[in-house]
Amino acid sequence: MNSDLQTLHDATLAVLKRTGVKVDSRQALECLAGRGGRVDGASMRVYPEARHIEEALATVPRRITIHGRRPHRH
């Protein structure tokens, strides 16, 4: 990863850890708490650690194909 991209990635991880992400599903919050994430049930926010993000990123494909809703428009 080049240094600019790494800087952006590190800053994003810091923001996620500090500000968290609102999750509108109690079931999802329970799942995330069960994985060791810091969860605030009152505000329905999860505050992921860098390792949680890295684990999630390791599971996604490196390439995806996006298909339009109007196939006749290429």
# chains A, B, ... in the order shown; residues from 1 in each chain; ligands from 1
$ select_by_dssp --residues "chain A" --states "alpha helix (DSSP H)" --output "PyMOL selection string"
chain A and resi 3-19+26-34+50-57
$ residues_around --residues "A:Val39" --least-positions-apart "2" --cutoff "10 Å" --atoms "only C-alpha atoms" --output "short mmCIF file (atom, residue, chain, number, x, y, z; two decimals) with C-alpha atoms, in the first residue's frame"
data_model
loop_
_atom_site.label_atom_id
_atom_site.label_comp_id
_atom_site.auth_asym_id
_atom_site.auth_seq_id
_atom_site.Cartn_x
_atom_site.Cartn_y
_atom_site.Cartn_z
CA GLY A 20 -18.14 4.59 15.84
CA VAL A 21 -20.81 3.49 13.43
CA LYS A 22 -24.54 3.55 14.06
CA VAL A 23 -26.10 0.13 13.68
CA LEU A 29 -25.05 -5.15 17.81
CA GLU A 30 -25.18 -8.36 19.85
CA LEU A 32 -20.57 -7.45 17.05
CA ALA A 33 -20.33 -7.38 20.85
CA GLY A 34 -19.87 -11.16 20.78
CA GLY A 36 -15.23 -8.39 21.02
CA GLY A 37 -16.32 -5.04 19.65
CA GLY A 41 -26.50 -0.16 23.27
CA ALA A 42 -28.07 3.17 24.24
CA SER A 43 -26.79 4.99 21.15
CA MET A 44 -26.73 1.80 19.06
CA ARG A 45 -23.14 2.45 18.01
CA VAL A 46 -20.24 0.09 17.57
CA TYR A 47 -16.62 1.23 17.87
CA PRO A 48 -14.49 -1.22 15.88
#
$ select_by_dssp --residues "stretch 11-70 of chain A" --states "strand (DSSP E)" --output "list of chain:residue names"
A:Val21, A:Lys22, A:Arg38, A:Val39, A:Asp40, A:Arg45, A:Val46, A:Tyr47
$ atom_distance --atom1 "atom CA of A:Asp40" --atom2 "atom CA of A:Leu8"
25.9 Å
$ atom_distance --atom1 "atom CA of A:Arg62" --atom2 "atom CA of A:Leu5"
16.0 Å
$ residues_around --residues "A:Arg51" --least-positions-apart "4" --cutoff "12 Å" --atoms "only C-alpha atoms" --output "list of chain:residue names"
A:Asp10, A:Leu13, A:Ala14, A:Leu16, A:Lys17, A:Arg35, A:Gly36, A:Gly37, A:Tyr47, A:Glu55, A:Ala56, A:Leu57, A:Ala58
$ closest_residue --among "A:His9, A:Arg69, A:Val15, A:Asp24" --to "A:Glu54" --atoms "only C-alpha atoms"
A:His9
